[in-house]
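Below is one structure, written out as structure tokens, with a few remarks after it.
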Amino acid sequence: MTSLPATRLNDSAVRIVSLYPDLLGTYGDGGNALVLSRRLEWRGIAIEHITVDAGEPVPDSADLYLVGGGEDGPQVQATRELEQSQGLHRAVDNGAVVLAICAGMQILGHRFPDANGTSRPGLGLLDCETIRVDRPRAVGELLTTSAQLTTPEGIIELGQLTGFENHAGRTIPGSRSQRLSAVEVGEGNGDGTEGVITGKIVGTYLHGPALARNPLLADALLGWIVGTSAMTPLDDTDVDSLRTERIQAARDHELAPRRSWRDILRRS
Amino acid sequence: MTAAPNPASATGRAKSLRPRARLAVAAGRFVAWTSRVVQFGTGSVIGGRVSLLIDRNLLSELTASRDVVIVSATNGKTTTTKLLSSALGTSRPIVSNWLGANMTPGIVAALATANATDTAVLEVDERWVDSVLRATNANTVVLLNLSRDQLDRTQEVRKLAEQWRIALKTTPPRTVVANADDPLVTWAALAAPNVVWVGTGQEWTADAAGCPACSGRIDFTDAGWACTACDLRRPSVDVALINGAIAINGRTMSGDLALPGRVNRVNAAFALAAASAMGTDLDQAFDGLDDVREIAGRYRVAQFGDTRIRLLLAKNPAGWHEALELLEGPSTPLVIAINARIADGHDPSWLWDVAYERIGQRFVVAIGERRHDLAVRFRYGNINHIVADDLESAVEVVRQSPSYDPTLPIDVASNYTAFQDHLEHVGGVL
């Protein structure tokens, strides 16, 4: 798995691991595994999807790891088990791709706040830190400006990212990481940017089934594994209708995150 | 499991109320009446609000001389409240808020019109259990389940479990009837002095993997569940559902029920356990359960133009898990409707937690304000689907489909506000 994707053998299935869906998977995170699997299947690429529940050994030889969102307590438990296992750490060293959603992004960073607001050490795989801020949870539609992903094969356009966010905490990307995008509507990282990329680990506050509304992001992650040339066009008619509708809804502030006057003052 | 004596028999409507409370009741009823006259709605919630503005202790006053039972859950509270009302109604007069207005104003409105000593069977929103319990000193509390529902609104289910736990500790009811198969409910109910544990099997465990007591991990096995880190585990049960029959007090109640599906057997087991704990004869109570045919329009088969439709409600993943039991058999086309208004929760991400693949080869028409979210979910589920603008056009599409069977009603499964819209369309709650 240390070799670059382009040399991948045709007969080997892409191995996708859903990590601890029993602890991290509050909001339809399973959708991402389904989206990735289907987009490979529809292109005739074999896929092996592995679900690893808490307490089970984490394989270190898979191609793509999905780490979902979760509540405060399970988030701490998941961090403890992943730290003990070191399987994800080895996989990342081997060049695996990781998509970390919301709480998943927080625990992959250097530090994150637990249920009591105490800062705890994270896994340190994603170069960012999440801190507690005294403000209401960010809940609502999240829309970014056009996003890009830099890969060995060049820059890949992801289009605008659209989704729903539901999180507390502010995430500060470190110097070794890139931002995924800039926020047009919503909260994101909390500083006008959204998401963190370190190497092939992508963290985002687009929660739950983030890839359902963002097929270009899904294909970019898969392109890291099987090469972008294998990402032939698919019929995304249903997705395009949904994207158009949701992007408009976000711009109409159908569901702007709740903010108090204090927040607006603090931010400016 | 001791029999609950009926409270002292006072008679007459609200006779014992203080003048202020009487004024509050009168004002609320006037506002509710006005609201109905101008066709604004049933008026129960706004009437209740006005009453509470005049006398904020009104709920305490209205329940001072009644036996009160509270029913709460994420799923099944309306059904269980209706079943329990029917079971208790065989032996005593009851009053209930079974139209679904399940916060304090709706409850006050329902009680204001009733005899002062009727037993109150109250459906209570999960977030209102604490305040309703404190106001009413309910003798019995029935807690069915807690799972993710409208997470952007109610936040995290564990926090709700903690609220319940504190409420039961602060205002202990005489009996709590609780779900032994739901770790969150169990943990909350363990704070109460006397619990009747009901074990009905819980197929939906996805929201309970983290231990509420220690944030360790819950292991589920066929035999039960236990935390791997602390001593929280499934309590031994007093009432069980075994192959569809309800085992209670050394007896097995296995007669037919008018409501379909496994989930309603579960609800019936809780209702029977509560009715028995409150002193109702088991056979009498069971007969009462069978009298319930529909719940505020759910399961109703209604005329829709030249066609018949069957209305089904499923609000969240756990609810859909049960609803799909009724949807996975037939081969005829069906309609699924999803909204995401405030009452539904603004975020339909949970659609990805529902195994819609169980629909199989059935052709599905997606409607509702979030029909495009549904369509994308179906697309990735390889489910044969199409998007339509509204119920009329969906029904038309179904009728044109080669697999349509005109002798059968068309299944229309919806989440909360979409269901309410459809129900209104076919004539509302009878």
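Residues in the structure tokens are numbered from 1 in each chain, the chains being A, B, ... in the order shown, and ligands are numbered from 1 in the order shown.
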
How close does each residue of chain B get to chain A, giving the shortest atom pair and distance in Å to one decimal for every residue with an atom at most 6 Å away, counting only C-alpha atoms, sorted by chain and residue number, as CSV?
```
residue,atom,partner,partner_atom,distance
B:Ala209,CA,A:Asp22,CA,5.6
B:Gly210,CA,A:Pro74,CA,5.4
B:Ser215,CA,A:Gly73,CA,5.0
B:Ser349,CA,A:Gly28,CA,5.4
B:Trp350,CA,A:Gly28,CA,4.9
B:Trp352,CA,A:Gly28,CA,4.8
B:Asp353,CA,A:Gly28,CA,4.9
B:His372,CA,A:Leu242,CA,5.1
B:Val376,CA,A:Asp238,CA,5.5
```

Now that the selection is made, can you save its residues with N, CA and C atoms as a PDB file, in the first residue's frame?
```pdb
ATOM      1  N   ALA B 209     -24.975   2.662  21.724  1.00  0.00           N
ATOM      2  CA  ALA B 209     -23.741   1.896  21.861  1.00  0.00           C
ATOM      3  C   ALA B 209     -22.812   2.455  22.925  1.00  0.00           C
ATOM      4  N   GLY B 210     -22.909   3.750  23.179  1.00  0.00           N
ATOM      5  CA  GLY B 210     -22.095   4.349  24.226  1.00  0.00           C
ATOM      6  C   GLY B 210     -22.831   4.266  25.551  1.00  0.00           C
ATOM      7  N   SER B 215     -19.692   6.258  29.725  1.00  0.00           N
ATOM      8  CA  SER B 215     -19.182   6.450  28.366  1.00  0.00           C
ATOM      9  C   SER B 215     -18.253   5.333  27.916  1.00  0.00           C
ATOM     10  N   SER B 349     -30.645  14.041   7.318  1.00  0.00           N
ATOM     11  CA  SER B 349     -29.498  13.137   7.144  1.00  0.00           C
ATOM     12  C   SER B 349     -29.830  11.708   7.562  1.00  0.00           C
ATOM     13  N   TRP B 350     -30.764  11.579   8.499  1.00  0.00           N
ATOM     14  CA  TRP B 350     -31.135  10.260   9.011  1.00  0.00           C
ATOM     15  C   TRP B 350     -31.704   9.345   7.927  1.00  0.00           C
ATOM     16  N   TRP B 352     -30.250   8.289   5.617  1.00  0.00           N
ATOM     17  CA  TRP B 352     -29.182   7.345   5.297  1.00  0.00           C
ATOM     18  C   TRP B 352     -29.047   6.277   6.352  1.00  0.00           C
ATOM     19  N   ASP B 353     -29.730   6.437   7.467  1.00  0.00           N
ATOM     20  CA  ASP B 353     -29.716   5.409   8.512  1.00  0.00           C
ATOM     21  C   ASP B 353     -30.889   4.445   8.350  1.00  0.00           C
ATOM     22  N   HIS B 372     -36.023  15.563  -3.036  1.00  0.00           N
ATOM     23  CA  HIS B 372     -34.746  15.357  -3.731  1.00  0.00           C
ATOM     24  C   HIS B 372     -33.739  14.636  -2.834  1.00  0.00           C
ATOM     25  N   VAL B 376     -32.016  11.034  -3.939  1.00  0.00           N
ATOM     26  CA  VAL B 376     -30.592  10.707  -3.897  1.00  0.00           C
ATOM     27  C   VAL B 376     -30.362   9.459  -3.032  1.00  0.00           C
TER      28      VAL B 376
END
```

Got a sec: who's within 10 Å of His89 of chain A, counting only C-alpha atoms, leaving out chain neighbours fewer than 4 positions off, as a tab-separated table (two decimals) with C-alpha atoms, in the first residue's frame?
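Contents of around_39.tsv, as written:
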```tsv
chain	number	residue	atom	x	y	z
A	58	VAL	CA	-8.52	-1.88	13.24
A	60	ASP	CA	-4.05	-1.10	8.79
A	82	LEU	CA	-8.05	4.23	18.28
A	83	GLU	CA	-5.03	5.41	20.28
A	85	SER	CA	-5.04	0.14	18.49
A	93	ASP	CA	1.62	6.05	7.37
A	94	ASN	CA	0.88	3.57	4.58
A	96	ALA	CA	-4.46	5.52	3.26
A	123	LEU	CA	-4.92	11.29	17.69
A	124	GLY	CA	-2.68	13.95	16.15
A	125	LEU	CA	-3.16	12.66	12.62
```

Report task. Would you please work out which residue, of B:Leu143, B:Ala388, B:Ile309, B:Val364, is nearest to Asp411 of chain B when using only C-alpha atoms? Result ->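 Of all the options, B:Ile309 lies closest to Asp411 of chain B.
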
Query - All residues 8 Å or closer to Thr80 of chain B, only C-alpha atoms, same chain fewer than 6 positions away omitted, as an NGL selection string - result: :B and (71 or 267-268 or 270-271)

Let me see the file: selected residues, N, CA, C and O atoms, as a CSV table (one decimal), in the first residue's frame.
```csv
chain,number,residue,atom,x,y,z
B,71,VAL,N,-46.7,9.1,29.8
B,71,VAL,CA,-46.1,8.2,28.8
B,71,VAL,C,-45.1,9.0,28.0
B,71,VAL,O,-45.5,10.0,27.4
B,267,ASN,N,-45.8,-1.8,22.0
B,267,ASN,CA,-46.6,-0.7,22.6
B,267,ASN,C,-47.6,-1.3,23.6
B,267,ASN,O,-47.9,-0.8,24.7
B,268,ALA,N,-48.3,-2.3,23.1
B,268,ALA,CA,-49.4,-2.9,23.9
B,268,ALA,C,-48.8,-3.6,25.2
B,268,ALA,O,-49.4,-3.5,26.2
B,270,PHE,N,-46.3,-2.5,26.9
B,270,PHE,CA,-46.1,-1.4,27.9
B,270,PHE,C,-47.4,-0.9,28.5
B,270,PHE,O,-47.5,-0.7,29.7
B,271,ALA,N,-48.4,-0.8,27.6
B,271,ALA,CA,-49.7,-0.3,28.1
B,271,ALA,C,-50.3,-1.3,29.1
B,271,ALA,O,-50.8,-0.9,30.1
```

Shell around Ala91 of chain A at 12 Å using only C-alpha atoms, local window under 4 positions removed, as a tab-separated table (two decimals) with N, CA and C atoms, in the first residue's frame:
```
chain	number	residue	atom	x	y	z
A	1	MET	N	0.81	-1.21	0.00
A	1	MET	CA	0.00	0.00	0.00
A	1	MET	C	0.85	1.27	0.00
A	2	THR	N	2.15	1.09	0.00
A	2	THR	CA	2.98	2.29	-0.01
A	2	THR	C	3.13	2.86	-1.42
A	15	ARG	N	-10.54	-1.23	-0.66
A	15	ARG	CA	-11.02	-1.59	0.69
A	15	ARG	C	-11.38	-0.34	1.47
A	16	ILE	N	-12.65	-0.26	1.84
A	16	ILE	CA	-13.16	0.90	2.59
A	16	ILE	C	-13.57	0.44	3.98
A	17	VAL	N	-13.06	1.12	4.99
A	17	VAL	CA	-13.36	0.76	6.37
A	17	VAL	C	-14.24	1.84	7.01
A	58	VAL	N	-8.44	-2.78	14.39
A	58	VAL	CA	-8.52	-1.88	13.24
A	58	VAL	C	-7.51	-2.34	12.20
A	59	PRO	N	-7.96	-2.76	11.00
A	59	PRO	CA	-7.01	-3.18	9.98
A	59	PRO	C	-6.16	-1.99	9.53
A	60	ASP	N	-4.89	-2.23	9.19
A	60	ASP	CA	-4.05	-1.10	8.79
A	60	ASP	C	-3.74	-1.11	7.29
A	61	SER	N	-4.40	-2.02	6.55
A	61	SER	CA	-4.04	-2.17	5.14
A	61	SER	C	-5.14	-1.74	4.19
A	62	ALA	N	-6.19	-1.08	4.70
A	62	ALA	CA	-7.27	-0.66	3.82
A	62	ALA	C	-6.89	0.61	3.06
A	63	ASP	N	-7.70	0.96	2.06
A	63	ASP	CA	-7.40	2.13	1.22
A	63	ASP	C	-8.03	3.41	1.75
A	64	LEU	N	-9.22	3.26	2.35
A	64	LEU	CA	-9.96	4.45	2.75
A	64	LEU	C	-10.66	4.20	4.07
A	65	TYR	N	-10.54	5.14	4.98
A	65	TYR	CA	-11.16	5.02	6.31
A	65	TYR	C	-12.18	6.13	6.48
A	82	LEU	N	-8.89	4.04	19.48
A	82	LEU	CA	-8.05	4.23	18.28
A	82	LEU	C	-6.59	4.46	18.68
A	85	SER	N	-5.18	1.05	19.62
A	85	SER	CA	-5.04	0.14	18.49
A	85	SER	C	-3.88	0.52	17.56
A	86	GLN	N	-3.73	1.82	17.31
A	86	GLN	CA	-2.69	2.33	16.40
A	86	GLN	C	-2.89	1.88	14.95
A	87	GLY	N	-3.98	1.13	14.69
A	87	GLY	CA	-4.22	0.65	13.34
A	87	GLY	C	-4.41	1.79	12.35
A	95	GLY	N	-0.26	5.50	3.67
A	95	GLY	CA	-0.82	6.30	2.58
A	95	GLY	C	-2.31	6.17	2.39
A	96	ALA	N	-3.01	5.66	3.38
A	96	ALA	CA	-4.46	5.52	3.26
A	96	ALA	C	-5.14	6.88	3.23
A	97	VAL	N	-6.31	6.92	2.60
A	97	VAL	CA	-7.14	8.12	2.57
A	97	VAL	C	-8.11	8.05	3.75
A	98	VAL	N	-8.34	9.19	4.40
A	98	VAL	CA	-9.27	9.23	5.53
A	98	VAL	C	-10.26	10.37	5.32
A	125	LEU	N	-3.36	13.03	14.02
A	125	LEU	CA	-3.16	12.66	12.62
A	125	LEU	C	-3.49	13.81	11.68
A	200	LYS	N	-3.47	13.02	3.02
A	200	LYS	CA	-4.69	12.47	2.41
A	200	LYS	C	-5.81	12.30	3.43
A	201	ILE	N	-5.72	13.05	4.52
A	201	ILE	CA	-6.80	13.04	5.50
A	201	ILE	C	-7.63	14.30	5.30
```

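Note that the spacing between atom CA of Tyr299 of chain B and atom CA of Gly428 of chain B amounts to 13.1 Å.
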